[in-house]
>>> print(open('query-v8.cif').read())   # mmCIF, C-alpha atoms
data_final
#
loop_
_atom_site.label_atom_id
_atom_site.label_comp_id
_atom_site.auth_asym_id
_atom_site.auth_seq_id
_atom_site.Cartn_x
_atom_site.Cartn_y
_atom_site.Cartn_z
CA MET E 1 40.20 -4.05 -54.90
CA PHE E 2 40.95 -5.29 -51.41
CA SER E 3 42.56 -2.02 -50.42
CA GLY E 4 39.54 -0.19 -51.87
CA LEU E 5 37.24 -2.16 -49.55
CA LEU E 6 39.56 -1.43 -46.65
CA THR E 7 39.43 2.31 -47.25
CA LYS E 8 35.62 2.15 -47.49
CA VAL E 9 35.40 0.31 -44.16
CA ALA E 10 37.84 2.78 -42.65
CA LYS E 11 35.73 5.66 -43.90
CA VAL E 12 32.58 4.24 -42.30
CA LEU E 13 34.43 3.60 -39.04
CA ARG E 14 35.87 7.10 -39.10
CA GLY E 15 32.37 8.49 -39.54
CA VAL E 16 31.10 6.50 -36.54
CA GLY E 17 34.10 7.52 -34.46
CA HIS E 18 33.67 11.16 -35.41
CA LYS E 19 30.02 11.13 -34.33
CA LEU E 20 30.87 9.36 -31.05
CA VAL E 21 33.69 11.76 -30.19
CA ASP E 22 31.45 14.71 -31.07
CA GLN E 23 28.73 13.44 -28.76
CA LEU E 24 31.23 12.82 -25.98
CA TRP E 25 32.57 16.37 -26.33
CA ARG E 26 29.05 17.71 -26.19
CA PHE E 27 28.27 15.60 -23.14
CA GLY E 28 31.45 16.76 -21.44
CA GLY E 29 30.48 20.33 -22.31
CA ALA E 30 27.04 19.78 -20.76
CA VAL E 31 28.56 18.43 -17.53
CA ARG E 32 31.00 21.35 -17.31
CA PHE E 33 28.16 23.74 -18.06
CA SER E 34 26.07 22.24 -15.23
CA GLY E 35 29.05 22.56 -12.90
CA TYR E 36 29.43 26.26 -13.78
CA VAL E 37 25.72 26.87 -13.28
CA LEU E 38 25.88 25.37 -9.79
CA LEU E 39 29.09 27.28 -9.09
CA TYR E 40 27.51 30.60 -10.00
CA SER E 41 24.12 29.95 -8.37
CA GLY E 42 25.09 32.01 -5.34
CA GLU E 43 24.72 35.02 -7.59
CA SER E 44 21.12 34.17 -8.44
CA PHE E 45 20.17 34.28 -4.77
CA ARG E 46 22.15 37.40 -4.04
CA ARG E 47 20.24 39.16 -6.82
CA LEU E 48 16.95 37.56 -6.00
CA HIS E 49 14.90 39.86 -8.21
CA LEU E 50 16.46 38.24 -11.30
CA THR E 51 15.32 34.79 -10.12
CA ILE E 52 11.87 36.08 -9.16
CA ARG E 53 11.48 37.60 -12.61
CA GLU E 54 12.32 34.25 -14.17
CA ILE E 55 9.91 32.41 -11.85
CA TYR E 56 7.27 34.75 -13.21
CA PHE E 57 8.11 33.83 -16.80
CA THR E 58 8.57 30.07 -16.31
CA GLY E 59 6.17 29.37 -13.45
CA VAL E 60 3.36 31.89 -13.38
CA MET E 61 3.00 32.08 -17.16
CA SER E 62 2.78 28.26 -17.36
CA LEU E 63 -0.03 28.15 -14.79
CA ILE E 64 -2.92 28.40 -17.24
CA ILE E 65 -1.90 25.53 -19.50
CA ILE E 66 -0.95 23.38 -16.48
CA LEU E 67 -4.20 23.99 -14.61
CA VAL E 68 -6.47 23.52 -17.64
CA SER E 69 -4.78 20.29 -18.68
CA ALA E 70 -4.81 19.05 -15.07
CA PHE E 71 -8.54 19.63 -14.88
CA PHE E 72 -9.19 17.69 -18.07
CA VAL E 73 -6.78 14.89 -17.17
CA GLY E 74 -8.54 14.47 -13.82
CA MET E 75 -11.98 14.39 -15.43
CA VAL E 76 -10.93 11.87 -18.08
CA LEU E 77 -9.30 9.66 -15.43
CA ALA E 78 -12.52 9.62 -13.44
CA LEU E 79 -14.67 8.78 -16.47
CA GLN E 80 -12.37 6.03 -17.72
CA GLY E 81 -11.71 4.65 -14.25
CA TYR E 82 -15.39 4.54 -13.36
CA ASN E 83 -16.21 2.71 -16.57
CA THR E 84 -13.81 -0.11 -15.69
CA LEU E 85 -14.17 -0.18 -11.90
CA GLN E 86 -17.95 -0.39 -12.14
CA LYS E 87 -17.61 -3.74 -13.92
CA TYR E 88 -15.96 -5.12 -10.78
CA GLY E 89 -18.49 -3.50 -8.47
CA SER E 90 -15.98 -1.24 -6.77
CA SER E 91 -16.81 2.16 -8.16
CA GLU E 92 -16.03 3.72 -4.75
CA ALA E 93 -12.36 3.04 -5.47
CA ILE E 94 -12.48 5.75 -8.14
CA GLY E 95 -11.05 8.30 -5.70
CA VAL E 96 -8.02 6.11 -5.00
CA LEU E 97 -7.47 5.53 -8.70
CA VAL E 98 -7.61 9.21 -9.61
CA ALA E 99 -5.49 10.37 -6.65
CA LEU E 100 -2.81 7.70 -6.92
CA SER E 101 -2.34 8.00 -10.66
CA LEU E 102 -2.15 11.79 -10.41
CA VAL E 103 0.09 12.05 -7.36
CA ARG E 104 2.46 9.27 -8.31
CA GLU E 105 2.79 9.54 -12.06
CA LEU E 106 0.67 11.89 -14.11
CA GLY E 107 1.20 14.97 -11.95
CA PRO E 108 4.99 15.09 -12.18
CA VAL E 109 5.32 13.56 -15.67
CA VAL E 110 2.64 15.50 -17.57
CA THR E 111 3.67 18.72 -15.83
CA ALA E 112 7.29 18.13 -16.84
CA LEU E 113 6.30 17.43 -20.46
CA LEU E 114 4.14 20.56 -20.61
CA PHE E 115 6.84 22.52 -18.81
CA ALA E 116 9.42 21.45 -21.40
CA GLY E 117 7.09 22.54 -24.17
CA ARG E 118 5.95 25.79 -22.60
CA ALA E 119 8.94 27.07 -20.58
CA GLY E 120 11.88 24.99 -21.85
CA THR E 121 11.50 26.09 -25.45
CA ALA E 122 11.19 29.73 -24.38
CA ILE E 123 14.42 29.46 -22.38
CA THR E 124 16.30 27.82 -25.26
CA ALA E 125 15.07 30.31 -27.86
CA GLU E 126 15.81 33.28 -25.60
CA ILE E 127 19.34 32.23 -24.72
CA GLY E 128 20.07 31.05 -28.27
CA LEU E 129 18.95 34.41 -29.63
CA MET E 130 20.98 36.25 -27.00
CA LYS E 131 23.96 34.31 -28.20
CA ALA E 132 23.17 34.90 -31.88
CA THR E 133 22.85 38.64 -31.32
CA GLU E 134 26.10 38.58 -29.31
CA GLN E 135 24.51 39.83 -26.12
CA LEU E 136 26.32 37.10 -24.20
CA SER E 137 29.71 38.11 -25.66
CA ALA E 138 28.93 41.72 -24.83
CA MET E 139 28.34 40.72 -21.22
CA GLU E 140 31.65 38.90 -21.12
CA MET E 141 33.31 42.03 -22.51
CA MET E 142 31.89 43.96 -19.58
CA ALA E 143 33.30 41.34 -17.20
CA VAL E 144 29.79 40.11 -16.35
CA SER E 145 29.58 36.34 -16.39
CA PRO E 146 26.60 35.40 -18.61
CA ILE E 147 26.21 32.16 -16.67
CA ALA E 148 25.80 34.03 -13.40
CA ARG E 149 23.63 36.77 -14.85
CA VAL E 150 21.46 34.90 -17.41
CA VAL E 151 21.69 31.15 -16.90
CA ALA E 152 21.76 30.53 -13.13
CA PRO E 153 18.59 32.56 -12.32
CA ARG E 154 16.69 30.68 -15.02
CA PHE E 155 17.94 27.36 -13.65
CA TRP E 156 16.78 28.06 -10.11
CA ALA E 157 13.52 29.52 -11.35
CA GLY E 158 12.81 26.25 -13.19
CA VAL E 159 13.82 24.10 -10.23
CA ILE E 160 11.58 26.07 -7.88
CA SER E 161 8.62 26.31 -10.27
CA MET E 162 8.41 22.63 -11.28
CA PRO E 163 7.41 21.08 -7.91
CA LEU E 164 4.89 23.86 -7.29
CA LEU E 165 3.36 23.37 -10.74
CA ALA E 166 3.26 19.58 -10.27
CA ALA E 167 1.54 19.92 -6.89
CA LEU E 168 -1.03 22.29 -8.39
CA PHE E 169 -1.52 19.85 -11.26
CA SER E 170 -2.24 16.96 -8.88
CA MET E 171 -4.57 19.01 -6.71
CA VAL E 172 -6.57 20.44 -9.63
CA GLY E 173 -6.64 16.98 -11.25
CA VAL E 174 -8.13 15.49 -8.08
CA LEU E 175 -10.73 18.27 -8.07
CA GLY E 176 -11.57 17.54 -11.71
CA GLY E 177 -11.91 13.85 -10.90
CA TYR E 178 -14.11 14.73 -7.93
CA LEU E 179 -16.41 16.87 -10.10
CA VAL E 180 -16.93 14.04 -12.57
CA ALA E 181 -17.18 11.22 -10.02
CA VAL E 182 -19.40 12.76 -7.35
CA PRO E 183 -21.86 15.30 -8.84
CA LEU E 184 -21.90 13.90 -12.38
CA ILE E 185 -21.74 10.12 -11.97
CA GLY E 186 -23.08 9.99 -8.43
CA VAL E 187 -20.38 8.15 -6.51
CA ASP E 188 -20.81 8.63 -2.77
CA ASN E 189 -18.95 11.72 -1.59
CA GLY E 190 -17.77 10.20 1.70
CA ALA E 191 -16.53 7.00 0.08
CA PHE E 192 -14.66 9.00 -2.56
CA TRP E 193 -12.58 10.93 -0.03
CA SER E 194 -12.26 8.30 2.70
CA GLN E 195 -11.02 5.58 0.35
CA MET E 196 -8.58 8.09 -1.09
CA GLN E 197 -7.25 9.07 2.32
CA ALA E 198 -7.00 5.46 3.43
CA ASN E 199 -4.85 4.49 0.45
CA VAL E 200 -2.69 7.51 -0.37
CA ASP E 201 0.34 7.57 1.88
CA PHE E 202 2.06 10.87 2.64
CA ARG E 203 5.61 9.55 2.61
CA GLU E 204 5.26 6.83 -0.04
CA ASP E 205 3.11 8.68 -2.56
CA ILE E 206 3.06 12.44 -2.05
CA VAL E 207 6.69 12.99 -1.03
CA ASN E 208 7.87 10.65 -3.79
CA GLY E 209 5.82 12.67 -6.30
CA VAL E 210 7.45 15.88 -5.10
CA ILE E 211 10.92 14.29 -5.36
CA LYS E 212 10.12 13.26 -8.92
CA SER E 213 8.98 16.73 -9.88
CA VAL E 214 12.15 18.32 -8.46
CA VAL E 215 14.33 15.91 -10.47
CA PHE E 216 12.29 16.61 -13.62
CA GLY E 217 12.63 20.33 -12.99
CA VAL E 218 16.43 20.03 -12.78
CA ALA E 219 16.58 17.86 -15.93
CA CYS E 220 14.20 19.94 -18.09
CA THR E 221 15.69 23.31 -17.15
CA MET E 222 19.28 22.14 -17.49
CA ILE E 223 18.61 20.63 -20.93
CA ALA E 224 16.84 23.79 -22.11
CA LEU E 225 19.64 26.04 -20.83
CA PHE E 226 22.42 23.93 -22.31
CA GLU E 227 20.73 23.62 -25.70
CA GLY E 228 20.28 27.38 -25.81
CA PHE E 229 23.82 28.09 -24.69
CA ASP E 230 25.26 25.52 -27.11
CA ALA E 231 23.11 26.53 -30.13
CA PRO E 232 24.95 27.65 -33.27
CA PRO E 233 24.42 31.43 -33.49
CA THR E 234 22.18 31.29 -36.55
CA ALA E 235 18.43 31.28 -37.08
CA GLU E 236 18.57 27.63 -38.12
CA GLY E 237 20.78 26.74 -35.17
CA VAL E 238 18.34 28.26 -32.67
CA SER E 239 15.39 26.51 -34.30
CA ARG E 240 17.16 23.16 -34.15
CA ALA E 241 18.19 23.73 -30.56
CA THR E 242 14.56 24.44 -29.63
CA THR E 243 13.43 21.20 -31.24
CA ARG E 244 16.18 19.29 -29.47
CA THR E 245 15.09 20.78 -26.14
CA VAL E 246 11.60 19.33 -26.45
CA VAL E 247 12.77 15.92 -27.72
CA ASN E 248 15.58 15.52 -25.20
CA SER E 249 13.58 16.82 -22.24
CA SER E 250 10.68 14.48 -22.97
CA LEU E 251 12.95 11.47 -23.35
CA ALA E 252 14.90 12.40 -20.22
CA VAL E 253 11.68 12.82 -18.22
CA LEU E 254 10.26 9.46 -19.29
CA ALA E 255 13.55 7.60 -18.73
CA LEU E 256 14.15 9.24 -15.33
CA ASP E 257 10.56 8.48 -14.38
CA PHE E 258 11.05 4.78 -15.03
CA ILE E 259 14.33 4.70 -13.10
CA MET E 260 12.92 6.58 -10.11
CA THR E 261 9.71 4.56 -10.04
CA SER E 262 11.65 1.30 -10.02
CA PHE E 263 13.50 2.52 -6.94
CA MET E 264 10.42 3.93 -5.23
CA ILE E 265 8.11 0.93 -5.66
CA ASN E 266 9.33 -1.92 -3.54
CA PRO E 267 7.07 -4.91 -3.94
CA MET K 268 6.23 44.90 -16.45
CA GLU K 269 6.23 46.61 -13.06
CA ARG K 270 8.49 44.88 -10.56
CA THR K 271 5.95 44.93 -7.74
CA THR K 272 3.37 43.25 -9.99
CA ILE K 273 5.81 40.47 -10.81
CA ASP K 274 6.63 40.05 -7.12
CA LEU K 275 2.94 39.83 -6.31
CA TRP K 276 2.24 37.19 -8.95
CA VAL K 277 5.24 35.10 -7.94
CA GLY K 278 4.10 35.38 -4.34
CA ILE K 279 0.62 34.18 -5.27
CA PHE K 280 2.11 31.34 -7.31
CA ALA K 281 4.39 30.19 -4.50
CA ALA K 282 1.59 30.39 -1.94
CA ALA K 283 -0.78 28.43 -4.21
CA GLY K 284 1.87 25.78 -4.83
CA MET K 285 2.54 25.39 -1.11
CA ALA K 286 -1.19 25.24 -0.44
CA ALA K 287 -1.52 22.52 -3.09
CA ILE K 288 1.18 20.40 -1.42
CA LEU K 289 -0.46 20.95 1.95
CA GLY K 290 -3.87 20.16 0.48
CA LEU K 291 -2.55 16.96 -1.05
CA ALA K 292 -1.09 15.94 2.30
CA MET K 293 -4.25 16.73 4.27
CA LYS K 294 -7.16 16.08 1.96
CA VAL K 295 -5.79 13.41 -0.40
CA GLY K 296 -3.15 11.76 1.77
CA ASN K 297 -3.30 10.23 5.20
CA LEU K 298 -1.26 12.77 7.12
CA THR K 299 -4.27 13.65 9.26
CA SER K 300 -5.51 10.13 9.90
CA SER K 301 -2.20 8.32 10.47
CA SER K 302 -0.92 10.65 13.16
CA VAL K 303 -3.52 9.64 15.73
CA GLY K 304 -1.31 10.64 18.61
CA GLU K 305 -0.54 8.15 21.35
CA THR K 306 -0.77 4.46 20.50
CA TYR K 307 -0.14 1.17 22.25
CA THR K 308 1.02 -2.03 20.61
CA VAL K 309 -0.54 -5.46 20.99
CA THR K 310 0.11 -8.66 19.08
CA ALA K 311 -2.17 -11.38 17.80
CA ALA K 312 -1.26 -14.75 16.32
CA PHE K 313 -3.21 -16.13 13.38
CA GLU K 314 -2.91 -19.46 11.62
CA ASN K 315 -3.73 -17.80 8.34
CA ILE K 316 -3.85 -14.09 7.63
CA GLY K 317 -4.98 -14.37 4.02
CA GLY K 318 -4.15 -11.17 2.18
CA LEU K 319 -3.71 -8.92 5.22
CA LYS K 320 -1.02 -6.30 4.72
CA ALA K 321 0.88 -3.91 6.93
CA ARG K 322 -0.92 -0.55 7.36
CA ALA K 323 -4.33 -2.20 6.98
CA PRO K 324 -6.92 -0.66 9.30
CA VAL K 325 -7.96 -2.17 12.63
CA LYS K 326 -11.67 -1.63 13.21
CA SER K 327 -14.01 -2.17 16.05
CA ALA K 328 -17.74 -1.78 15.44
CA GLY K 329 -16.73 -0.37 12.05
CA VAL K 330 -14.66 2.48 13.49
CA VAL K 331 -10.96 2.63 12.69
CA VAL K 332 -9.17 2.30 16.04
CA GLY K 333 -5.64 1.55 14.82
CA ARG K 334 -3.44 0.12 12.11
CA VAL K 335 -1.55 -3.09 11.42
CA ASP K 336 2.04 -2.20 12.21
CA GLY K 337 3.84 -5.33 11.06
CA ILE K 338 3.43 -8.97 10.15
CA ARG K 339 6.02 -11.68 10.77
CA PHE K 340 6.14 -15.44 10.73
CA ASP K 341 6.88 -17.29 13.97
CA SER K 342 8.94 -20.33 13.00
CA LYS K 343 8.33 -22.06 16.37
CA THR K 344 4.55 -22.10 16.37
CA PHE K 345 4.20 -21.75 12.56
CA GLU K 346 1.80 -18.89 13.00
CA ALA K 347 1.66 -15.37 11.64
CA VAL K 348 2.22 -12.81 14.37
CA VAL K 349 0.48 -9.53 13.59
CA THR K 350 1.45 -6.39 15.50
CA LEU K 351 -1.41 -3.94 15.97
CA LYS K 352 -0.99 -0.29 16.88
CA LEU K 353 -4.13 0.86 18.69
CA ASP K 354 -5.15 4.36 19.67
CA LYS K 355 -4.60 5.12 23.39
CA ARG K 356 -8.08 6.66 23.54
CA TYR K 357 -9.68 3.25 23.03
CA PRO K 358 -8.97 0.66 25.75
CA PHE K 359 -10.03 -2.92 25.02
CA PRO K 360 -10.67 -5.73 27.56
CA THR K 361 -8.27 -8.69 27.61
CA ASP K 362 -10.88 -11.08 26.20
CA THR K 363 -11.16 -9.14 22.94
CA GLU K 364 -11.27 -11.33 19.87
CA ALA K 365 -9.28 -10.37 16.75
CA ASN K 366 -10.79 -11.47 13.43
CA ILE K 367 -9.63 -10.92 9.89
CA TYR K 368 -12.45 -9.68 7.70
CA THR K 369 -12.73 -8.64 4.10
CA ALA K 370 -14.32 -5.35 3.09
CA GLY K 371 -16.75 -6.31 0.35
CA LEU K 372 -16.49 -9.54 -1.57
CA LEU K 373 -12.99 -9.01 -2.94
CA GLY K 374 -11.96 -5.85 -1.12
CA GLU K 375 -9.03 -5.21 1.16
CA GLN K 376 -8.70 -7.14 4.40
CA TYR K 377 -8.76 -5.58 7.83
CA VAL K 378 -8.59 -6.68 11.45
CA GLY K 379 -11.85 -6.50 13.34
CA LEU K 380 -11.86 -6.42 17.14
CA GLU K 381 -14.87 -7.91 18.88
CA ILE K 382 -15.42 -7.52 22.58
CA ALA K 383 -16.82 -10.30 24.70
CA GLY K 384 -16.91 -8.02 27.74
CA LEU K 385 -16.63 -10.67 30.46
CA GLU K 386 -13.37 -9.40 31.93
CA ASP K 387 -12.63 -6.05 33.49
CA SER K 388 -8.87 -5.69 32.91
CA ASN K 389 -7.78 -3.94 29.74
CA LEU K 390 -5.11 -4.77 27.17
CA LYS K 391 -1.76 -3.15 27.89
CA GLU K 392 1.30 -2.34 25.79
CA GLY K 393 2.91 -5.57 24.55
CA ASP K 394 -0.04 -7.81 25.42
CA LYS K 395 -1.14 -10.66 23.21
CA ILE K 396 -4.70 -11.12 22.03
CA LYS K 397 -5.46 -14.76 22.75
CA ARG K 398 -8.65 -15.36 20.84
CA THR K 399 -8.27 -14.96 17.12
CA GLN K 400 -10.12 -16.05 14.02
CA ASP K 401 -8.33 -16.58 10.72
CA ALA K 402 -9.06 -15.03 7.38
CA VAL K 403 -11.57 -16.80 5.24
CA VAL K 404 -9.74 -18.37 2.33
CA LEU K 405 -12.10 -18.70 -0.59
CA GLU K 406 -10.49 -21.86 -1.97
CA LYS K 407 -10.68 -23.58 1.41
CA MET K 408 -14.33 -22.68 1.79
CA ILE K 409 -15.17 -23.98 -1.68
CA SER K 410 -13.31 -27.24 -1.11
CA GLN K 411 -15.05 -27.74 2.25
CA PHE K 412 -18.36 -27.12 0.58
CA LEU K 413 -17.55 -29.61 -2.17
CA TYR K 414 -16.42 -32.25 0.36
CA SER K 415 -19.56 -31.88 2.38
CA LYS K 416 -21.62 -32.13 -0.79
CA ALA K 417 -19.70 -35.24 -1.80
CA ALA K 418 -20.29 -36.73 1.64
CA GLU K 419 -24.00 -35.96 1.43
CA THR K 420 -24.65 -37.48 -1.98
CA PRO K 421 -24.37 -41.23 -1.07
CA THR K 422 -26.79 -40.81 1.86
CA ASP K 423 -29.23 -39.13 -0.49
CA GLU K 424 -29.07 -42.08 -2.86
CA SER K 425 -29.49 -44.66 -0.06
CA LYS K 426 -32.78 -43.10 0.93
#
>>> encode(input="query-v8.cif", output="structure tokens")
Amino acid sequence: MFSGLLTKVAKVLRGVGHKLVDQLWRFGGAVRFSGYVLLYSGESFRRLHLTIREIYFTGVMSLIIILVSAFFVGMVLALQGYNTLQKYGSSEAIGVLVALSLVRELGPVVTALLFAGRAGTAITAEIGLMKATEQLSAMEMMAVSPIARVVAPRFWAGVISMPLLAALFSMVGVLGGYLVAVPLIGVDNGAFWSQMQANVDFREDIVNGVIKSVVFGVACTMIALFEGFDAPPTAEGVSRATTRTVVNSSLAVLALDFIMTSFMINP
Amino acid sequence: MERTTIDLWVGIFAAAGMAAILGLAMKVGNLTSSSVGETYTVTAAFENIGGLKARAPVKSAGVVVGRVDGIRFDSKTFEAVVTLKLDKRYPFPTDTEANIYTAGLLGEQYVGLEIAGLEDSNLKEGDKIKRTQDAVVLEKMISQFLYSKAAETPTDESK
């Protein structure tokens, strides 16, 4: 009876250990994969047209969803902010509220979440399907490194697109906030912009927002590429990998955002 | 899709992104207003600066003429020493008075410069503004008001 209990405990422990070792292997694989991508990134700049093509698919094609959501986020921020600020008699501060929340947080974070959903999933599905249909093995047979030819251009395209998309998001969001606050609600135009300019710092707010969006771009694209490259070559495997891309990217973005914000805000 | 079309769209995208960053810096941020060219630094000592913070505006007649560069505590005189960076275009006489005001009832605090205009010489780099007026602390004002009320009451009754 005692030995039976012991074997049961051992079985549970073995299960836990197996999972842990599996995860560690996967993590190690991801780190090695990132290293290879960086190693082969020279190729993606030597054949710039590959990277430009990928910027078109990840960046330009994401523009519509990014711009439309930015516009609505800006308008909602202005409406909600005005409602509260007006109670304290400082409705002129609405410009500061909209600009700071967009430039510091919502711009980079919401863009990264949308980017993971719009571009990240496409990358994972594409690479996973390439693997399932053995296109990647065929490339290796022809002595073409699939990392240099397929993965690295997509990585750099994502890293370049993300900050540009986040900046556009913030700018369009501010415009949306302006449209609600000034013509619709009737906040003074001069106060809206001057308060904003007096309180948004170039180095502290705008540059930090750009840094955030670059980091999110690296994280989202790398996760999407690795999940696609690591997906089991079956229909189910690709579908699971796509789901994991969205979940992992979103969690990574939110966690990285907290870590970076805690370093950037010094009280 | 045609390669030239893709190139064109990516070009438009990159240009728009750059323009957005530039627009954020110029229109939303303070890149235009903080780089006011040449400045000179003067200091002013206050007994109480209230909620004044570094980078708060320095105004004279309501116009922003500089920024608060730094605030430190002088442990010899037990006063707050505020360093002000003023625009070179605006000279101020040596008998200028520095006050700490609040924008609105509970708004941010700023330094206001008021000119008496009795002296001809102007403030130079590193000078100290001698006449200052502290920030109004709401609690202090209320307690003074209450004390004066309390002092008044007995005389009212004796009448």
>>> resolve_selection(input="query-v8.cif", expression="the PyMOL selection byres ((chain K) within 6 of (chain E))", output="number ranges by chain")
K: 277, 284, 287-288, 292, 295-298
>>> atom_distance(input="query-v8.cif", atom1="CA of Cys220 (chain E)", atom2="CA of Ala116 (chain E)")
6.0 Å
>>> residues_around(input="query-v8.cif", residues="Ala328 (chain K)", least_positions_apart="3", cutoff="10 Å", atoms="all atoms listed in the file", output="VMD selection string")
chain K and resid 331 to 332 379 to 382
>>> closest_residue(input="query-v8.cif", among="K:Val378, K:Ile338, K:Val348, K:Leu275", to="Ala312 (chain K)", atoms="all atoms listed in the file")
K:Val348
>>> resolve_selection(input="query-v8.cif", expression="the PyMOL selection byres ((chain E and resi 179) around 12)", output="list in words")
Phe71, Phe72, Gly74, Met75, Val76, Leu77, Ala78, Leu79, Ile94, Gly95, Val98, Val172, Gly173, Val174, Leu175, Gly176, Gly177, Tyr178, Val180, Ala181, Val182, Pro183, Leu184, Ile185, Gly186, Val187, Asp188, Asn189 and Phe192 of chain E
>>> residues_around(input="query-v8.cif", residues="Ile316 (chain K)", least_positions_apart="2", cutoff="8 Å", atoms="all atoms listed in the file", output="PyMOL selection string")
chain K and resi 313-314+318-319+347+367+401-402
